[in-house]
Amino acid sequence: MELLQKFSGILGVILFVCYAYQLVYLFPTFFVRKNTENIPMHKFGVLIAARNEEHVIANLLESIREQDYPDDLTDIFVVADNCTDKTAEIALANGAEVFQRCSPLVGKGYALHYLINRIRQERTFGEYDAFLVVDADNILEEGYLREMNRVYSRGYRIVTSYRNSKNYGDNWISSGYALWFLRESRYLNHARACLHTSCAVGGTGFLVDRRILEESGGWNWFLLTEDLEFTAEQIALGETIGFAENAVLYDEQPTGFLQSWRQRMRWAKGNLQVFCRCGPKLLRRLFTHGSFACFDMLMATMPAVLISFAGALLTLGGIVLSVLNGENMLPLLRDMAMGLLKLYGTFAFMGGLTVMTEWKRICAPGWKKVLSVFTFPLFMFTYIPISAAAIFARVTWKPIHHRRKMTLGEIRGDK
């Protein structure tokens with residue numbers, strides 16, 4: 001029994017050693033970086049992969065048209081991917097160039113691959129300096145393109161942005177998602193940018209230099225988490241991803257647990273895929289170049305929650321053995337309770353710090369912001385069974401249905 005307790009303690013030490021460096025990330029985020037003067041204006045193509053998004057895509061396109069950025073430097077491209085609704089017609093009516101795709105190969109990676117290839121075939125690809133990838137349910141703040149251009153002009157060939165939420169206050173699931181993305185923006189990507197290491201792309205709201213797509217032969221990342229695969233491969237190649245902290249987008253978070261389970265199951269499976277495929281490349285560059293960004297990315301893709309799951313299984317196994325052998329199982333129960341309490345406290349601290357510093361940016365009533373601090377750990381706990389199930393389950397890409405039709409003014413509560 002003592003052996004089980006020691007082994008469980010060793011797992012806890014491993015987790016601490018692997019992720020303690022993120023405590024350093026708490027401090028640089030309170031420093032404000034100076035803006036670059038005399039910024040050149042670049043031409044962007046905005047890429048949108050949409051599948052049955054007729055309810056939300058018009059609001060996204062409106063927010064793009066209302067950017068404080070020259071219209072002649074922005075072209076919008078939509079791939080209506082296996083759509084059975086009016087997504088294509090609505091996008092076309094709202095000023096986008098639309099390509100319709102029908103294929104048994106499903107997933108955002110395949111849709112982006114198709115869209116970029118069509119642009120290369122039918123447009124002058126070289127007229128664009130870079131391409132922005134956003135999702136159909138997103139809404140962009142007015143200065144989004146200007147701020148992305150500002151960071152791109154510093155020499156970064158990949159730039160990611162600040163991810164906020166349309167529907168933070170819906171329930172504990174939507175606020176859990178939103179808090180995770182807000183923390184990632186403020187206490188991971190912002191800190192990385194301040195320390196001049198690489199950030200990570202988070203699914204939507206990122207910019208890619210045209211030359212990277214030309215060097216790669218288009219968009220050729222197709223795993224369940226194509227954004228993480230893209231990030232890991234680029235960091236392994238030596239790219240440093242920048243962060244535009246003032247380029248804010250809002251996206252819609254799931255509110256139903258079943259939909260959330262499916263999405264996060266895909267993310268967990270995708271993390272495992274990326275870790276297996278890109279881990280050796282990251283390790284190679286870590287040892288040959290001493291790249292901290294590669295170490296950071298390895299920790300981001302490593303299925304750390306599975307280590308926690310293994311520790312929980314050991315404790316449960318110890319309890320069962322104690323019962324069968326007629327031993328006192330109270331010490332194990334106490335250890336389990338203390339472990340869960342510490343984990344709850346850690347997540348509550350993460351959530352509380354994020355709510356405190358991002359208070360003005362969170363679009364929800366004050367009491368819901370406070371409540372989300374206490375429900376955030378519960379949201380994070382659900383990752384444990386999800387990640388465990390992802391090891392054995394056959395996971396396929398399934399679309400997330402978006403229904404929240406909101407303008408930027410409605411999200412922010414503008415009068």
# chains A, B, ... in the order shown; residues from 1 in each chain; ligands from 1
call {"tool": "closest_atom_pairs", "arguments": {"of": "region 210-313 of chain A", "to": "region 173-187 of chain A", "cutoff": "9 Å", "atoms": "only C-alpha atoms", "output": "CSV"}}
result
residue,atom,partner,partner_atom,distance
A:Phe243,CA,A:Ser185,CA,8.5
A:Glu245,CA,A:Ser185,CA,7.6
A:Asp251,CA,A:Ala178,CA,9.0
A:Glu252,CA,A:Ser174,CA,8.2
A:Gln253,CA,A:Ser174,CA,5.1
A:Pro254,CA,A:Ser174,CA,5.8
A:Thr255,CA,A:Ser174,CA,5.3
A:Gly256,CA,A:Ile173,CA,7.3
A:Phe257,CA,A:Ile173,CA,7.2
A:Ser260,CA,A:Ile173,CA,7.7
call {"tool": "write_last_selection", "arguments": {"atoms": "N, CA and C atoms", "output": "PDB file, in the first residue's frame"}}
result
ATOM      1  N   PHE A 243       2.057  37.169 -31.142  1.00  0.00           N
ATOM      2  CA  PHE A 243       0.753  37.318 -30.489  1.00  0.00           C
ATOM      3  C   PHE A 243       0.290  38.761 -30.573  1.00  0.00           C
ATOM      4  N   GLU A 245      -2.053  40.953 -28.910  1.00  0.00           N
ATOM      5  CA  GLU A 245      -2.898  40.981 -27.716  1.00  0.00           C
ATOM      6  C   GLU A 245      -4.102  41.900 -27.842  1.00  0.00           C
ATOM      7  N   ASP A 251     -15.907  34.136 -30.114  1.00  0.00           N
ATOM      8  CA  ASP A 251     -16.513  32.967 -30.739  1.00  0.00           C
ATOM      9  C   ASP A 251     -17.552  32.347 -29.808  1.00  0.00           C
ATOM     10  N   GLU A 252     -18.352  31.471 -30.388  1.00  0.00           N
ATOM     11  CA  GLU A 252     -19.459  30.860 -29.649  1.00  0.00           C
ATOM     12  C   GLU A 252     -19.011  29.543 -29.035  1.00  0.00           C
ATOM     13  N   GLN A 253     -19.250  29.387 -27.729  1.00  0.00           N
ATOM     14  CA  GLN A 253     -18.865  28.168 -27.030  1.00  0.00           C
ATOM     15  C   GLN A 253     -20.061  27.219 -26.884  1.00  0.00           C
ATOM     16  N   PRO A 254     -19.811  25.910 -26.921  1.00  0.00           N
ATOM     17  CA  PRO A 254     -20.897  24.955 -26.694  1.00  0.00           C
ATOM     18  C   PRO A 254     -21.519  25.138 -25.312  1.00  0.00           C
ATOM     19  N   THR A 255     -22.785  24.805 -25.211  1.00  0.00           N
ATOM     20  CA  THR A 255     -23.478  24.873 -23.919  1.00  0.00           C
ATOM     21  C   THR A 255     -24.005  23.512 -23.475  1.00  0.00           C
ATOM     22  N   GLY A 256     -24.127  22.572 -24.412  1.00  0.00           N
ATOM     23  CA  GLY A 256     -24.602  21.229 -24.074  1.00  0.00           C
ATOM     24  C   GLY A 256     -23.443  20.310 -23.746  1.00  0.00           C
ATOM     25  N   PHE A 257     -23.619  19.471 -22.707  1.00  0.00           N
ATOM     26  CA  PHE A 257     -22.498  18.630 -22.278  1.00  0.00           C
ATOM     27  C   PHE A 257     -22.139  17.578 -23.322  1.00  0.00           C
ATOM     28  N   SER A 260     -20.148  19.224 -25.994  1.00  0.00           N
ATOM     29  CA  SER A 260     -18.851  19.548 -25.422  1.00  0.00           C
ATOM     30  C   SER A 260     -17.985  18.297 -25.288  1.00  0.00           C
TER      31      SER A 260
END
call {"tool": "closest_atom_pairs", "arguments": {"of": "region 55-152 of chain A", "to": "region 395-414 of chain A", "cutoff": "9 Å", "atoms": "only C-alpha atoms", "output": "JSON lines"}}
result
{"residue": "A:His55", "atom": "CA", "partner": "A:Arg403", "partner_atom": "CA", "distance": 5.8}
{"residue": "A:Val56", "atom": "CA", "partner": "A:Lys405", "partner_atom": "CA", "distance": 5.2}
{"residue": "A:Ile57", "atom": "CA", "partner": "A:Lys405", "partner_atom": "CA", "distance": 8.7}
{"residue": "A:Ala58", "atom": "CA", "partner": "A:Lys405", "partner_atom": "CA", "distance": 8.8}
{"residue": "A:Asn59", "atom": "CA", "partner": "A:Thr407", "partner_atom": "CA", "distance": 5.9}
{"residue": "A:Leu60", "atom": "CA", "partner": "A:Thr407", "partner_atom": "CA", "distance": 8.2}
{"residue": "A:Glu62", "atom": "CA", "partner": "A:Thr407", "partner_atom": "CA", "distance": 8.4}
{"residue": "A:Ser63", "atom": "CA", "partner": "A:Leu408", "partner_atom": "CA", "distance": 7.3}
{"residue": "A:Val106", "atom": "CA", "partner": "A:Trp397", "partner_atom": "CA", "distance": 6.7}
{"residue": "A:Gly107", "atom": "CA", "partner": "A:Trp397", "partner_atom": "CA", "distance": 5.8}
{"residue": "A:Lys108", "atom": "CA", "partner": "A:Trp397", "partner_atom": "CA", "distance": 8.6}
{"residue": "A:Ala136", "atom": "CA", "partner": "A:His402", "partner_atom": "CA", "distance": 8.8}
{"residue": "A:Asp137", "atom": "CA", "partner": "A:His402", "partner_atom": "CA", "distance": 6.6}
{"residue": "A:Ile139", "atom": "CA", "partner": "A:Leu408", "partner_atom": "CA", "distance": 6.5}
{"residue": "A:Leu140", "atom": "CA", "partner": "A:Leu408", "partner_atom": "CA", "distance": 7.5}
{"residue": "A:Glu141", "atom": "CA", "partner": "A:Leu408", "partner_atom": "CA", "distance": 7.0}
{"residue": "A:Glu142", "atom": "CA", "partner": "A:Leu408", "partner_atom": "CA", "distance": 8.9}
call {"tool": "residues_around", "arguments": {"residues": "region 281-296 of chain A", "least_positions_apart": "3", "cutoff": "12 Å", "atoms": "only C-alpha atoms", "output": "number ranges by chain"}}
result
A: 18-22, 25, 188-189, 192-193, 195-200, 229, 231-241, 274-278, 299-302
call {"tool": "write_last_selection", "arguments": {"atoms": "C-alpha atoms", "output": "PDB file, in the first residue's frame"}}
result
ATOM      1  CA  CYS A  18       6.966  19.481 -16.182  1.00  0.00           C
ATOM      2  CA  TYR A  19       4.645  22.451 -15.717  1.00  0.00           C
ATOM      3  CA  ALA A  20       6.101  24.558 -12.899  1.00  0.00           C
ATOM      4  CA  TYR A  21       7.773  26.800 -15.504  1.00  0.00           C
ATOM      5  CA  GLN A  22       4.324  28.181 -16.372  1.00  0.00           C
ATOM      6  CA  TYR A  25       4.365  33.153 -17.217  1.00  0.00           C
ATOM      7  CA  LEU A 188       0.311  31.677 -22.058  1.00  0.00           C
ATOM      8  CA  ASN A 189       0.512  33.457 -25.415  1.00  0.00           C
ATOM      9  CA  ARG A 192       5.400  33.869 -24.398  1.00  0.00           C
ATOM     10  CA  ALA A 193       5.390  36.945 -26.614  1.00  0.00           C
ATOM     11  CA  LEU A 195       9.586  36.526 -23.266  1.00  0.00           C
ATOM     12  CA  HIS A 196      10.275  36.322 -27.024  1.00  0.00           C
ATOM     13  CA  THR A 197       9.467  32.641 -27.292  1.00  0.00           C
ATOM     14  CA  SER A 198       6.843  31.121 -29.560  1.00  0.00           C
ATOM     15  CA  CYS A 199       3.102  31.303 -29.024  1.00  0.00           C
ATOM     16  CA  ALA A 200       0.607  28.643 -30.124  1.00  0.00           C
ATOM     17  CA  GLU A 229      -0.346  20.028 -35.709  1.00  0.00           C
ATOM     18  CA  THR A 231       1.811  24.916 -34.605  1.00  0.00           C
ATOM     19  CA  ALA A 232       4.023  21.989 -33.575  1.00  0.00           C
ATOM     20  CA  GLU A 233       5.460  21.509 -37.068  1.00  0.00           C
ATOM     21  CA  GLN A 234       6.229  25.196 -37.521  1.00  0.00           C
ATOM     22  CA  ILE A 235       7.921  25.476 -34.122  1.00  0.00           C
ATOM     23  CA  ALA A 236       9.934  22.338 -34.925  1.00  0.00           C
ATOM     24  CA  LEU A 237      11.058  24.117 -38.106  1.00  0.00           C
ATOM     25  CA  GLY A 238      12.226  27.130 -36.086  1.00  0.00           C
ATOM     26  CA  GLU A 239       9.305  29.538 -36.599  1.00  0.00           C
ATOM     27  CA  THR A 240       8.383  31.919 -33.794  1.00  0.00           C
ATOM     28  CA  ILE A 241       4.642  32.597 -33.605  1.00  0.00           C
ATOM     29  CA  VAL A 274       0.142  15.474 -32.573  1.00  0.00           C
ATOM     30  CA  PHE A 275       2.296  14.232 -29.685  1.00  0.00           C
ATOM     31  CA  CYS A 276       3.039  10.988 -31.538  1.00  0.00           C
ATOM     32  CA  ARG A 277       3.640  12.610 -34.927  1.00  0.00           C
ATOM     33  CA  CYS A 278       5.404  15.847 -33.992  1.00  0.00           C
ATOM     34  CA  MET A 299       4.351  20.103 -22.649  1.00  0.00           C
ATOM     35  CA  ALA A 300       1.315  21.517 -24.477  1.00  0.00           C
ATOM     36  CA  THR A 301       0.837  18.331 -26.490  1.00  0.00           C
ATOM     37  CA  MET A 302       1.840  15.817 -23.823  1.00  0.00           C
TER      38      MET A 302
END
call {"tool": "atom_distance", "arguments": {"atom1": "CA of Ile158 (chain A)", "atom2": "CA of Gly351 (chain A)"}}
result
27.9 Å
